[in-house]
Amino acid sequence: MVICTFCKRRDAVYMRPYSGEKLCAKCFIGSIENKVRVTIAEYEMFQHDDKIMVAVSGGKDSVTLLHILAKLVEKFPKSSLCAVTVDEGIKGYREEALKFAVKNCRKLNVEHTITSFKDLFGVKLDELVKTIQKTRTDDTRGLTPCAYCGVLRRRALNVAAREAGVDKLATAHNLDDETQTILLNLLHGDALRIARVNPVLAESHPKLVQRVKPLCEVPEKEIAFYAYQRRIKFQSVPCPYASTALRSDIRLFLNRMEEKHAGIKFTLFKSVEKIKPALEQAVAETKLRECKFCGEPTVGDVCKVCQILQTLNIIG
Ligand code: SF4
Ligand SMILES: [Zn+2]
Ligand SMILES: [Zn+2]
């Protein structure tokens with residue numbers, strides 16, 4: 001049996017290829033919580049009295065984040081934690097995920113809000129996808145359901161966080177998500193959007209709630225193992241639209257690279273940190289205004305959400 005490199009007492013159950021550490025279950029759990037604590041401190045994500053809202057989809061990352069933050073927040077009596085789940089309207093997937101979100105919030109005694117695309121935008125994602133398939137135009141050709149879903153979900157989360165009057169909105173983006181997004185933006189020719197791959201997204205408009213990503217330096221595989229070790233229950237069925245995305249190919253590519261060259265995801269993430277000041281400067285020069293239809297912050301006259309709804313003849 002291999003002995004844990006940390007405590008040198010218990011049997012190791014996890015081996016980290018990028019560091020060579022071999023960890024027992026207890027030290028593994030402690031190392032993940034510590035990593036999150038260090039990330040939060042390094043990027044100054046929270047104040048001691050912050051009201052924090054966690055975006056909980058019901059999947060392993062968001063449920064794990066909720067469990068870790070619930071533990072950390074206990075030490076800061078002036079801070080508070082609540083959660084929000086966005087129901088996109090994806091049949092056969094969201095209902096189940098919602099149950100896991102509800103169960104975990106109940107277990108941790110965290111106040112939980114549910115918001116939906118249908119209530120906010122008058123359309124479910126399933127309906128939107130069907131309409132896009134029927135009415136493909138030059139504007140919508142090549143866009144995947146995830147492209148629409150992402151835009152609408154970001155809006156839904158911001159509205160929910162703003163209405164709840166919280167200081168921070170915590171999302172469960174992990175190291176894999178962040179490195180995939182870096183490559184995705186480069187491959188889409190959207191290099192400036194890499195500035196959004198940021199552990200803390202600065203408020204650039206009073207209507208935007210600051211977003212933080214406490215899991216951004218934790219690999220997806222380690223989040224899954226943490227959840228398994230702590231017997232956290234989550235939705236494991238993937239979204240039916242997920243495989244249509246270019247992101248899936250990038251995920252496979254990065255995982256293959258990581259297997260051959262351990263630590264490469266972290267190196268990519270940290271490389272972007274180095275060029276971020278230049279990117280942020282370029283982005284800061286783009287002033288946000290308010291959309292002429294819905295009044296939400298946007299770079300142009302009309303925000304992305306209204307553009308999507310217009311293309312589909314839902315508004316305007
Ligand atoms: S996989 Fe795509 S469509 Fe499904 S929930 Fe995620 S972003 Fe939305
Ligand atoms: Zn140990
Ligand atoms: Zn708008």
# chains A, B, ... in the order shown; residues from 1 in each chain; ligands from 1

$ select_by_dssp --residues "segment 14-206 of chain A" --states "alpha helix (DSSP H)" --output "ChimeraX atom specification"
/A:25-42,60-73,94-108,117-121,125-134,145-164,175-187

$ residues_around --residues "Val305 of chain A" --least-positions-apart "2" --cutoff "7 Å" --atoms "only C-alpha atoms" --output "JSON, numbers by chain"
{"A": [151, 152, 303, 307, 308, 309]}

$ residues_near_ligand --ligand "ligand 1" --cutoff "10 Å" --atoms "only C-alpha atoms and all ligand atoms" --output "VMD selection string"
chain A and resid 57 86 to 90 93 to 94 125 to 126 129 144 to 153 238 to 245 247 to 248

$ closest_atom_pairs --of "segment 101-195 of chain A" --to "segment 217-226 of chain A" --cutoff "12 Å" --atoms "only C-alpha atoms" --output "Markdown table"
| residue | atom | partner | partner_atom | distance |
| --- | --- | --- | --- | --- |
| A:Ala172 | CA | A:Val218 | CA | 10.1 |
| A:His173 | CA | A:Glu217 | CA | 9.0 |
| A:Asn174 | CA | A:Val218 | CA | 5.7 |
| A:Leu175 | CA | A:Glu217 | CA | 4.9 |
| A:Asp176 | CA | A:Pro219 | CA | 5.9 |
| A:Asp177 | CA | A:Glu220 | CA | 8.1 |
| A:Glu178 | CA | A:Glu217 | CA | 8.8 |
| A:Thr179 | CA | A:Glu217 | CA | 10.0 |
| A:Gln180 | CA | A:Glu220 | CA | 11.6 |

$ write_last_selection --atoms "C-alpha atoms" --output "short mmCIF file (atom, residue, chain, number, x, y, z; two decimals), in the first residue's frame"
data_model
loop_
_atom_site.label_atom_id
_atom_site.label_comp_id
_atom_site.auth_asym_id
_atom_site.auth_seq_id
_atom_site.Cartn_x
_atom_site.Cartn_y
_atom_site.Cartn_z
CA ALA A 172 -18.51 26.92 -10.10
CA HIS A 173 -16.23 27.29 -13.13
CA ASN A 174 -13.31 24.95 -12.62
CA LEU A 175 -9.81 24.85 -14.11
CA ASP A 176 -11.04 22.72 -17.03
CA ASP A 177 -13.89 25.12 -17.84
CA GLU A 178 -11.56 28.10 -17.75
CA THR A 179 -8.86 26.58 -19.96
CA GLN A 180 -11.51 25.34 -22.41
#

$ atom_distance --atom1 "atom CA of Glu44 of chain A" --atom2 "atom CA of Leu169 of chain A"
13.8 Å

$ residues_near_ligand --ligand "ligand 3" --cutoff "9 Å" --atoms "only C-alpha atoms and all ligand atoms" --output "mmCIF file with all heavy atoms, in the first residue's frame"
data_model
loop_
_atom_site.group_PDB
_atom_site.id
_atom_site.type_symbol
_atom_site.label_atom_id
_atom_site.label_comp_id
_atom_site.auth_asym_id
_atom_site.auth_seq_id
_atom_site.Cartn_x
_atom_site.Cartn_y
_atom_site.Cartn_z
ATOM 1 N N GLU A 290 -26.692 51.144 -21.565
ATOM 2 C CA GLU A 290 -27.861 50.331 -21.256
ATOM 3 C C GLU A 290 -28.618 50.008 -22.542
ATOM 4 O O GLU A 290 -28.800 50.894 -23.398
ATOM 5 C CB GLU A 290 -28.754 51.043 -20.239
ATOM 6 C CG GLU A 290 -28.022 51.139 -18.904
ATOM 7 C CD GLU A 290 -28.861 51.649 -17.750
ATOM 8 O OE1 GLU A 290 -30.042 51.980 -17.948
ATOM 9 O OE2 GLU A 290 -28.311 51.727 -16.639
ATOM 10 N N CYS A 291 -29.053 48.772 -22.674
ATOM 11 C CA CYS A 291 -29.757 48.315 -23.875
ATOM 12 C C CYS A 291 -31.034 49.140 -24.078
ATOM 13 O O CYS A 291 -31.773 49.399 -23.133
ATOM 14 C CB CYS A 291 -30.091 46.834 -23.724
ATOM 15 S SG CYS A 291 -31.260 46.214 -24.928
ATOM 16 N N LYS A 292 -31.290 49.539 -25.330
ATOM 17 C CA LYS A 292 -32.452 50.409 -25.568
ATOM 18 C C LYS A 292 -33.786 49.663 -25.410
ATOM 19 O O LYS A 292 -34.826 50.271 -25.297
ATOM 20 C CB LYS A 292 -32.359 51.105 -26.921
ATOM 21 C CG LYS A 292 -32.474 50.212 -28.123
ATOM 22 C CD LYS A 292 -32.428 51.085 -29.366
ATOM 23 C CE LYS A 292 -32.694 50.247 -30.601
ATOM 24 N NZ LYS A 292 -32.497 50.967 -31.828
ATOM 25 N N PHE A 293 -33.742 48.329 -25.400
ATOM 26 C CA PHE A 293 -34.984 47.571 -25.193
ATOM 27 C C PHE A 293 -35.210 47.199 -23.732
ATOM 28 O O PHE A 293 -36.249 47.467 -23.174
ATOM 29 C CB PHE A 293 -35.003 46.299 -26.048
ATOM 30 C CG PHE A 293 -35.124 46.581 -27.516
ATOM 31 C CD1 PHE A 293 -34.061 46.331 -28.368
ATOM 32 C CD2 PHE A 293 -36.295 47.127 -28.037
ATOM 33 C CE1 PHE A 293 -34.169 46.614 -29.728
ATOM 34 C CE2 PHE A 293 -36.416 47.401 -29.387
ATOM 35 C CZ PHE A 293 -35.347 47.150 -30.239
ATOM 36 N N CYS A 294 -34.195 46.568 -23.112
ATOM 37 C CA CYS A 294 -34.438 46.036 -21.765
ATOM 38 C C CYS A 294 -33.735 46.822 -20.659
ATOM 39 O O CYS A 294 -33.981 46.579 -19.482
ATOM 40 C CB CYS A 294 -34.042 44.559 -21.699
ATOM 41 S SG CYS A 294 -32.268 44.323 -21.866
ATOM 42 N N GLY A 295 -32.840 47.733 -21.021
ATOM 43 C CA GLY A 295 -32.179 48.558 -20.012
ATOM 44 C C GLY A 295 -31.019 47.884 -19.296
ATOM 45 O O GLY A 295 -30.419 48.467 -18.396
ATOM 46 N N GLU A 296 -30.668 46.648 -19.708
ATOM 47 C CA GLU A 296 -29.545 45.948 -19.054
ATOM 48 C C GLU A 296 -28.215 46.428 -19.657
ATOM 49 O O GLU A 296 -28.188 46.899 -20.795
ATOM 50 C CB GLU A 296 -29.695 44.435 -19.252
ATOM 51 C CG GLU A 296 -30.871 43.818 -18.520
ATOM 52 C CD GLU A 296 -30.709 43.810 -16.994
ATOM 53 O OE1 GLU A 296 -29.573 43.742 -16.507
ATOM 54 O OE2 GLU A 296 -31.739 43.890 -16.296
ATOM 55 N N PRO A 297 -27.111 46.279 -18.896
ATOM 56 C CA PRO A 297 -25.810 46.733 -19.408
ATOM 57 C C PRO A 297 -25.377 45.983 -20.670
ATOM 58 O O PRO A 297 -25.552 44.772 -20.759
ATOM 59 C CB PRO A 297 -24.846 46.408 -18.261
ATOM 60 C CG PRO A 297 -25.694 46.179 -17.068
ATOM 61 C CD PRO A 297 -27.023 45.706 -17.550
ATOM 62 N N THR A 298 -24.808 46.732 -21.615
ATOM 63 C CA THR A 298 -24.364 46.134 -22.879
ATOM 64 C C THR A 298 -23.325 47.022 -23.552
ATOM 65 O O THR A 298 -23.212 48.200 -23.215
ATOM 66 C CB THR A 298 -25.569 45.903 -23.829
ATOM 67 O OG1 THR A 298 -25.080 45.379 -25.061
ATOM 68 C CG2 THR A 298 -26.334 47.179 -24.117
ATOM 69 N N ASP A 301 -25.951 49.180 -28.748
ATOM 70 C CA ASP A 301 -27.271 49.759 -28.480
ATOM 71 C C ASP A 301 -28.222 48.691 -27.952
ATOM 72 O O ASP A 301 -29.074 48.957 -27.121
ATOM 73 C CB ASP A 301 -27.886 50.291 -29.794
ATOM 74 C CG ASP A 301 -27.364 51.665 -30.116
ATOM 75 O OD1 ASP A 301 -26.742 52.262 -29.215
ATOM 76 O OD2 ASP A 301 -27.565 52.113 -31.262
ATOM 77 N N VAL A 302 -28.063 47.479 -28.513
ATOM 78 C CA VAL A 302 -28.971 46.382 -28.172
ATOM 79 C C VAL A 302 -28.151 45.238 -27.572
ATOM 80 O O VAL A 302 -27.128 44.844 -28.139
ATOM 81 C CB VAL A 302 -29.724 45.885 -29.440
ATOM 82 C CG1 VAL A 302 -30.695 44.772 -29.096
ATOM 83 C CG2 VAL A 302 -30.455 47.034 -30.119
ATOM 84 N N CYS A 303 -28.598 44.714 -26.421
ATOM 85 C CA CYS A 303 -27.828 43.651 -25.768
ATOM 86 C C CYS A 303 -27.976 42.320 -26.502
ATOM 87 O O CYS A 303 -28.862 42.162 -27.342
ATOM 88 C CB CYS A 303 -28.265 43.511 -24.313
ATOM 89 S SG CYS A 303 -29.842 42.670 -24.148
ATOM 90 N N LYS A 304 -27.120 41.372 -26.148
ATOM 91 C CA LYS A 304 -27.121 40.051 -26.818
ATOM 92 C C LYS A 304 -28.451 39.332 -26.619
ATOM 93 O O LYS A 304 -28.962 38.689 -27.526
ATOM 94 C CB LYS A 304 -25.996 39.183 -26.246
ATOM 95 C CG LYS A 304 -24.649 39.439 -26.862
ATOM 96 C CD LYS A 304 -24.217 38.185 -27.643
ATOM 97 C CE LYS A 304 -22.961 38.393 -28.441
ATOM 98 N NZ LYS A 304 -21.730 38.362 -27.653
ATOM 99 N N VAL A 305 -29.023 39.447 -25.389
ATOM 100 C CA VAL A 305 -30.293 38.765 -25.096
ATOM 101 C C VAL A 305 -31.366 39.276 -26.047
ATOM 102 O O VAL A 305 -32.070 38.491 -26.695
ATOM 103 C CB VAL A 305 -30.709 38.983 -23.616
ATOM 104 C CG1 VAL A 305 -32.121 38.478 -23.383
ATOM 105 C CG2 VAL A 305 -29.729 38.302 -22.666
ATOM 106 N N CYS A 306 -31.484 40.597 -26.161
ATOM 107 C CA CYS A 306 -32.521 41.153 -27.043
ATOM 108 C C CYS A 306 -32.240 40.810 -28.501
ATOM 109 O O CYS A 306 -33.175 40.588 -29.279
ATOM 110 C CB CYS A 306 -32.637 42.665 -26.839
ATOM 111 S SG CYS A 306 -33.374 43.065 -25.242
ATOM 112 N N GLN A 307 -30.951 40.742 -28.871
ATOM 113 C CA GLN A 307 -30.623 40.346 -30.260
ATOM 114 C C GLN A 307 -31.128 38.927 -30.537
ATOM 115 O O GLN A 307 -31.711 38.666 -31.581
ATOM 116 C CB GLN A 307 -29.111 40.378 -30.478
ATOM 117 C CG GLN A 307 -28.569 41.779 -30.707
ATOM 118 C CD GLN A 307 -27.051 41.785 -30.809
ATOM 119 O OE1 GLN A 307 -26.429 40.792 -31.185
ATOM 120 N NE2 GLN A 307 -26.448 42.888 -30.455
#

$ closest_residue --among "A:Glu259, A:Ile194, A:His67, A:Gly92" --to "Ser271 of chain A" --atoms "only C-alpha atoms"
A:Ile194

$ residues_near_ligand --ligand "ligand 2" --cutoff "6 Å" --atoms "only C-alpha atoms and all ligand atoms" --output "list in words"
Cys4, Phe6, Cys7, Arg10, Leu23, Cys24, Lys26 and Cys27 of chain A

$ write_last_selection --atoms "N, CA, C and O atoms" --output "PDB file, in the first residue's frame"
ATOM      1  N   CYS A   4       0.171   8.052   2.385  1.00  0.00           N
ATOM      2  CA  CYS A   4      -0.121   9.463   2.066  1.00  0.00           C
ATOM      3  C   CYS A   4       1.123  10.339   2.285  1.00  0.00           C
ATOM      4  O   CYS A   4       1.768  10.262   3.326  1.00  0.00           O
ATOM      5  N   PHE A   6       1.149  13.475   2.703  1.00  0.00           N
ATOM      6  CA  PHE A   6       0.864  14.570   3.634  1.00  0.00           C
ATOM      7  C   PHE A   6       1.012  14.123   5.089  1.00  0.00           C
ATOM      8  O   PHE A   6       1.829  14.621   5.826  1.00  0.00           O
ATOM      9  N   CYS A   7       0.143  13.172   5.486  1.00  0.00           N
ATOM     10  CA  CYS A   7       0.105  12.789   6.908  1.00  0.00           C
ATOM     11  C   CYS A   7       1.072  11.650   7.235  1.00  0.00           C
ATOM     12  O   CYS A   7       1.369  11.407   8.394  1.00  0.00           O
ATOM     13  N   ARG A  10      -1.943   7.423   6.786  1.00  0.00           N
ATOM     14  CA  ARG A  10      -3.009   6.638   6.147  1.00  0.00           C
ATOM     15  C   ARG A  10      -2.630   6.225   4.716  1.00  0.00           C
ATOM     16  O   ARG A  10      -1.722   6.812   4.129  1.00  0.00           O
ATOM     17  N   LEU A  23      -2.308  11.078  -1.859  1.00  0.00           N
ATOM     18  CA  LEU A  23      -3.075  11.563  -0.713  1.00  0.00           C
ATOM     19  C   LEU A  23      -4.094  10.560  -0.197  1.00  0.00           C
ATOM     20  O   LEU A  23      -4.754   9.864  -0.980  1.00  0.00           O
ATOM     21  N   CYS A  24      -4.253  10.541   1.132  1.00  0.00           N
ATOM     22  CA  CYS A  24      -5.333   9.755   1.726  1.00  0.00           C
ATOM     23  C   CYS A  24      -6.618  10.578   1.578  1.00  0.00           C
ATOM     24  O   CYS A  24      -6.553  11.777   1.245  1.00  0.00           O
ATOM     25  N   LYS A  26      -8.721  11.881   3.706  1.00  0.00           N
ATOM     26  CA  LYS A  26      -8.827  13.047   4.592  1.00  0.00           C
ATOM     27  C   LYS A  26      -7.937  14.204   4.099  1.00  0.00           C
ATOM     28  O   LYS A  26      -8.374  15.349   4.030  1.00  0.00           O
ATOM     29  N   CYS A  27      -6.701  13.868   3.757  1.00  0.00           N
ATOM     30  CA  CYS A  27      -5.778  14.915   3.289  1.00  0.00           C
ATOM     31  C   CYS A  27      -6.202  15.439   1.918  1.00  0.00           C
ATOM     32  O   CYS A  27      -6.020  16.617   1.626  1.00  0.00           O
TER      33      CYS A  27
END

$ select_by_dssp --residues "segment 176-262 of chain A" --states "strand (DSSP E)" --output "PDB file with N, CA and C atoms, in the first residue's frame"
ATOM      1  N   VAL A 200     -12.144  36.866 -10.797  1.00  0.00           N
ATOM      2  CA  VAL A 200     -13.075  37.886 -10.306  1.00  0.00           C
ATOM      3  C   VAL A 200     -13.427  38.775 -11.479  1.00  0.00           C
ATOM      4  N   LEU A 201     -14.714  38.861 -11.795  1.00  0.00           N
ATOM      5  CA  LEU A 201     -15.098  39.732 -12.905  1.00  0.00           C
ATOM      6  C   LEU A 201     -15.500  41.086 -12.351  1.00  0.00           C
ATOM      7  N   GLN A 210     -20.898  41.576  -8.986  1.00  0.00           N
ATOM      8  CA  GLN A 210     -19.560  41.022  -9.184  1.00  0.00           C
ATOM      9  C   GLN A 210     -19.577  39.485  -9.148  1.00  0.00           C
ATOM     10  N   ARG A 211     -18.936  38.879 -10.137  1.00  0.00           N
ATOM     11  CA  ARG A 211     -18.912  37.408 -10.201  1.00  0.00           C
ATOM     12  C   ARG A 211     -17.554  36.881  -9.776  1.00  0.00           C
ATOM     13  N   VAL A 212     -17.551  35.824  -8.985  1.00  0.00           N
ATOM     14  CA  VAL A 212     -16.288  35.226  -8.543  1.00  0.00           C
ATOM     15  C   VAL A 212     -16.316  33.722  -8.821  1.00  0.00           C
TER      16      VAL A 212
END

$ closest_residue --among "A:Pro199, A:Leu312, A:Cys105, A:Phe253" --to "Glu273 of chain A" --atoms "only C-alpha atoms"
A:Pro199

$ closest_residue --among "A:Ala41, A:Val13, A:Val209, A:Ala97" --to "Ala164 of chain A" --atoms "only C-alpha atoms"
A:Val209

$ atom_distance --atom1 "atom CA of Leu120 of chain A" --atom2 "atom CA of Phe100 of chain A"
22.5 Å
